[in-house]
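Q: First, the structure itself, so that you have it in front of you.
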Amino acid sequence: MSGTVCLQGGGEFSVGYRPMDASLVRADPGPVVVTALAGAVGREYATANRHGVAHYRAVGAPDVVGAPDVREDPVGALVALRRARVLVLPGGSPSRLLHALTSTEVGEVLGQLLADGGTVIGSSAGAMVLGSFTVLPDMTALPERPGPAVAPGLALVPGVLVVPHWTGGRSDWLEAVQAAVPAGTLVLGLPEDCGVVVRAGRATAAGLAPTWLVDAGRDLPVGDTVPLPPAAA
């Protein structure tokens, strides 16, 4: 991966994210495209797209659009998404988003954008699905393993699983994760208004508070960096 991925903890488009997002669009000043596929078709998708466009204009991006919903307009959506140098995936349902990305060509567009050196910004569900594994809180695990399901993600950020909206709880999620993912997976607890910027195999904490490294049991202070696990992890 030669591009940049920003994994954000949720509460996207808040004032707290403006410095982080402004830095990302300054570093990659091409078109910003928002596609809120973690939201339901219709008003929910359109509202999240509208908020995203307003936010990125406010942080100084000169060319920002909301893509048509690929579930309703596949041709128009892909035309818009393929223009992107910064592609934004807001929060919502990780199950809905993962299905949209894997059942259409949008997942391939994300991979190609990163291969071309572009930027993908995912918040909450948008961050969760970009790792090797994702929790699916609206789905249940096997009867012998209670708690939410854990499924493969897109693995655009290999060896990583994101727990968004981190406040120190989520014991049911963490038990499910521990039972389902390989040892050595980097489990990131991302608070709102916070995130990590992934470049060249390393993740750097950004935002208003530290990232929590779940397995290490410690904070990653803003500005500090950790390596990603090997791709096979």
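For the structure tokens, the naming scheme is as follows: chains receive sequential letters (A, B, ...) according to their order of presentation, residues are indexed from 1 within each chain, and ligands are indexed from 1 in presentation order.
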Any chance you could tabulate, as JSON lines, the residues of region 90-161 of chain A at most 7 Å from region 73-86 of chain A with each one's nearest atom pair and distance in Å to one decimal, using only C-alpha atoms, in chain and rising number order?
A:
{"residue": "A:Val109", "atom": "CA", "partner": "A:Arg82", "partner_atom": "CA", "distance": 6.7}
{"residue": "A:Gly118", "atom": "CA", "partner": "A:Arg85", "partner_atom": "CA", "distance": 5.0}
{"residue": "A:Thr119", "atom": "CA", "partner": "A:Val86", "partner_atom": "CA", "distance": 4.6}
{"residue": "A:Val120", "atom": "CA", "partner": "A:Val86", "partner_atom": "CA", "distance": 5.7}
Q: Just want the 9 Å neighbourhood of region 125-136 of chain A, counted on only C-alpha atoms, with same-chain residues fewer than 3 positions away dropped. Output as an NGL selection string.
A: :A and (5-10 or 36-38 or 88-95 or 97-98 or 121-122 or 139-140 or 148-164 or 173 or 176-177 or 181 or 185 or 233)
Q: Residues of the last selection are to be written out with C-alpha atoms, as a JSON list (two decimals), in the first residue's frame.
A:
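Dumped everything to out.json:
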[["chain", "number", "residue", "atom", "x", "y", "z"],
["A", 5, "VAL", "CA", -5.38, 5.42, 5.42],
["A", 6, "CYS", "CA", -6.84, 7.39, 8.31],
["A", 7, "LEU", "CA", -8.82, 5.28, 10.79],
["A", 8, "GLN", "CA", -11.08, 7.47, 12.94],
["A", 9, "GLY", "CA", -12.99, 6.56, 16.08],
["A", 10, "GLY", "CA", -16.33, 8.14, 15.22],
["A", 36, "ALA", "CA", -21.90, 7.05, 3.13],
["A", 37, "LEU", "CA", -22.49, 3.38, 2.36],
["A", 38, "ALA", "CA", -22.71, 2.45, 6.03],
["A", 88, "VAL", "CA", -14.32, 9.23, 2.77],
["A", 89, "LEU", "CA", -16.34, 6.43, 4.41],
["A", 90, "PRO", "CA", -18.50, 7.77, 7.26],
["A", 91, "GLY", "CA", -19.92, 5.65, 10.08],
["A", 92, "GLY", "CA", -23.10, 3.63, 10.41],
["A", 93, "SER", "CA", -23.53, -0.14, 10.12],
["A", 94, "PRO", "CA", -20.30, -2.08, 9.49],
["A", 95, "SER", "CA", -22.32, -5.02, 8.17],
["A", 97, "LEU", "CA", -20.88, -1.13, 4.62],
["A", 98, "LEU", "CA", -18.89, -4.34, 4.26],
["A", 121, "ILE", "CA", -10.54, 8.13, 5.49],
["A", 122, "GLY", "CA", -12.85, 5.82, 7.42],
["A", 139, "MET", "CA", -24.79, -10.12, 13.92],
["A", 140, "THR", "CA", -24.23, -12.83, 16.52],
["A", 148, "PRO", "CA", -21.06, -10.13, 18.35],
["A", 149, "ALA", "CA", -19.71, -11.74, 15.20],
["A", 150, "VAL", "CA", -16.19, -11.03, 13.99],
["A", 151, "ALA", "CA", -15.60, -11.29, 10.24],
["A", 152, "PRO", "CA", -12.83, -10.66, 7.72],
["A", 153, "GLY", "CA", -12.54, -7.03, 6.63],
["A", 154, "LEU", "CA", -11.06, -5.62, 3.44],
["A", 155, "ALA", "CA", -7.51, -5.93, 4.89],
["A", 156, "LEU", "CA", -6.45, -2.62, 3.35],
["A", 157, "VAL", "CA", -4.81, -2.05, 6.73],
["A", 158, "PRO", "CA", -3.45, -5.54, 7.37],
["A", 159, "GLY", "CA", -3.27, -7.13, 10.79],
["A", 160, "VAL", "CA", -5.54, -4.51, 12.39],
["A", 161, "LEU", "CA", -8.96, -4.51, 14.06],
["A", 162, "VAL", "CA", -10.61, -1.23, 15.11],
["A", 163, "VAL", "CA", -12.85, -0.77, 18.15],
["A", 164, "PRO", "CA", -14.44, 2.68, 17.61],
["A", 173, "TRP", "CA", -16.61, -7.05, 21.79],
["A", 176, "ALA", "CA", -15.42, -11.98, 20.79],
["A", 177, "VAL", "CA", -12.29, -10.50, 19.23],
["A", 181, "VAL", "CA", -8.62, -13.21, 15.58],
["A", 185, "THR", "CA", -3.48, -8.67, 15.60],
["A", 233, "ALA", "CA", -0.80, -11.92, 10.84]]
Q: My list of candidates is A:Cys194, A:Ala48, A:Ala100, A:Val214. Which is closest to Asp21 (chain A) when distances are computed with only C-alpha atoms?
A: A:Cys194
Q: How would you write, as a list in words, the set of residues in region 101-167 of chain A that DSSP gives as alpha helix (DSSP H)?
A: Leu101, Thr102, Ser103, Val106, Gly107, Glu108, Val109, Leu110, Gly111, Gln112, Leu113, Leu114, Ala115, Ala125, Gly126, Ala127 and Met128 of chain A
Q: Could you write out that same residue set with N, CA and C atoms as a PDB file, in the first residue's frame?
A:
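Written output follows (again11.pdb):
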ATOM      1  N   LEU A 101     -19.294  -2.779  -0.006  1.00  0.00           N
ATOM      2  CA  LEU A 101     -17.953  -2.717  -0.578  1.00  0.00           C
ATOM      3  C   LEU A 101     -17.550  -4.003  -1.279  1.00  0.00           C
ATOM      4  N   THR A 102     -18.041  -5.137  -0.770  1.00  0.00           N
ATOM      5  CA  THR A 102     -17.629  -6.421  -1.345  1.00  0.00           C
ATOM      6  C   THR A 102     -18.566  -6.915  -2.441  1.00  0.00           C
ATOM      7  N   SER A 103     -19.773  -6.383  -2.500  1.00  0.00           N
ATOM      8  CA  SER A 103     -20.733  -6.844  -3.518  1.00  0.00           C
ATOM      9  C   SER A 103     -20.768  -5.912  -4.733  1.00  0.00           C
ATOM     10  N   VAL A 106     -16.820  -0.996  -5.466  1.00  0.00           N
ATOM     11  CA  VAL A 106     -16.276   0.079  -4.639  1.00  0.00           C
ATOM     12  C   VAL A 106     -15.062  -0.393  -3.848  1.00  0.00           C
ATOM     13  N   GLY A 107     -15.092  -1.624  -3.336  1.00  0.00           N
ATOM     14  CA  GLY A 107     -13.926  -2.136  -2.632  1.00  0.00           C
ATOM     15  C   GLY A 107     -12.684  -2.144  -3.499  1.00  0.00           C
ATOM     16  N   GLU A 108     -12.851  -2.501  -4.781  1.00  0.00           N
ATOM     17  CA  GLU A 108     -11.718  -2.481  -5.707  1.00  0.00           C
ATOM     18  C   GLU A 108     -11.236  -1.054  -5.955  1.00  0.00           C
ATOM     19  N   VAL A 109     -12.165  -0.102  -5.997  1.00  0.00           N
ATOM     20  CA  VAL A 109     -11.786   1.301  -6.176  1.00  0.00           C
ATOM     21  C   VAL A 109     -10.923   1.768  -5.005  1.00  0.00           C
ATOM     22  N   LEU A 110     -11.290   1.366  -3.786  1.00  0.00           N
ATOM     23  CA  LEU A 110     -10.490   1.738  -2.621  1.00  0.00           C
ATOM     24  C   LEU A 110      -9.068   1.196  -2.739  1.00  0.00           C
ATOM     25  N   GLY A 111      -8.958  -0.086  -3.080  1.00  0.00           N
ATOM     26  CA  GLY A 111      -7.641  -0.685  -3.216  1.00  0.00           C
ATOM     27  C   GLY A 111      -6.804  -0.025  -4.287  1.00  0.00           C
ATOM     28  N   GLN A 112      -7.424   0.319  -5.410  1.00  0.00           N
ATOM     29  CA  GLN A 112      -6.687   0.959  -6.493  1.00  0.00           C
ATOM     30  C   GLN A 112      -6.262   2.372  -6.106  1.00  0.00           C
ATOM     31  N   LEU A 113      -7.130   3.080  -5.407  1.00  0.00           N
ATOM     32  CA  LEU A 113      -6.787   4.426  -4.957  1.00  0.00           C
ATOM     33  C   LEU A 113      -5.542   4.394  -4.069  1.00  0.00           C
ATOM     34  N   LEU A 114      -5.494   3.453  -3.128  1.00  0.00           N
ATOM     35  CA  LEU A 114      -4.328   3.358  -2.256  1.00  0.00           C
ATOM     36  C   LEU A 114      -3.091   2.922  -3.027  1.00  0.00           C
ATOM     37  N   ALA A 115      -3.254   2.017  -3.978  1.00  0.00           N
ATOM     38  CA  ALA A 115      -2.113   1.605  -4.797  1.00  0.00           C
ATOM     39  C   ALA A 115      -1.559   2.780  -5.593  1.00  0.00           C
ATOM     40  N   ALA A 125     -17.677   2.755  11.577  1.00  0.00           N
ATOM     41  CA  ALA A 125     -17.819   1.609  10.678  1.00  0.00           C
ATOM     42  C   ALA A 125     -16.884   1.718   9.486  1.00  0.00           C
ATOM     43  N   GLY A 126     -16.683   2.941   8.999  1.00  0.00           N
ATOM     44  CA  GLY A 126     -15.775   3.135   7.871  1.00  0.00           C
ATOM     45  C   GLY A 126     -14.354   2.748   8.191  1.00  0.00           C
ATOM     46  N   ALA A 127     -13.924   2.917   9.452  1.00  0.00           N
ATOM     47  CA  ALA A 127     -12.596   2.468   9.874  1.00  0.00           C
ATOM     48  C   ALA A 127     -12.583   0.969  10.123  1.00  0.00           C
ATOM     49  N   MET A 128     -13.648   0.452  10.707  1.00  0.00           N
ATOM     50  CA  MET A 128     -13.680  -0.953  11.102  1.00  0.00           C
ATOM     51  C   MET A 128     -13.462  -1.886   9.911  1.00  0.00           C
TER      52      MET A 128
END
Q: Which of chain A end up as strand (DSSP E or B) when DSSP is run on this backbone - answer as a PyMOL selection string?
A: chain A and resi 4-8+32-34+64-66+86-89+119-123+131+133-140+148-152+157+160-163+186-189+194-199+202-207+211-213+218-220+225-227
Q: Contacts of region 211-213 of chain A at 6 Å or less, counting only C-alpha atoms, minus same-chain residues fewer than 5 places along, as a PyMOL selection string?
A: chain A and resi 188-190+218-220
Q: Output the selection as a short mmCIF file (atom, residue, chain, number, x, y, z; two decimals), in the first residue's frame - C-alpha atoms for each residue.
A:
data_model
loop_
_atom_site.label_atom_id
_atom_site.label_comp_id
_atom_site.auth_asym_id
_atom_site.auth_seq_id
_atom_site.Cartn_x
_atom_site.Cartn_y
_atom_site.Cartn_z
CA LEU A 188 -6.93 -0.29 18.29
CA GLY A 189 -9.33 1.40 20.70
CA LEU A 190 -10.13 4.68 18.95
CA ARG A 218 -1.43 1.16 27.12
CA ASP A 219 -2.02 4.46 25.41
CA LEU A 220 -0.40 5.46 22.14
#
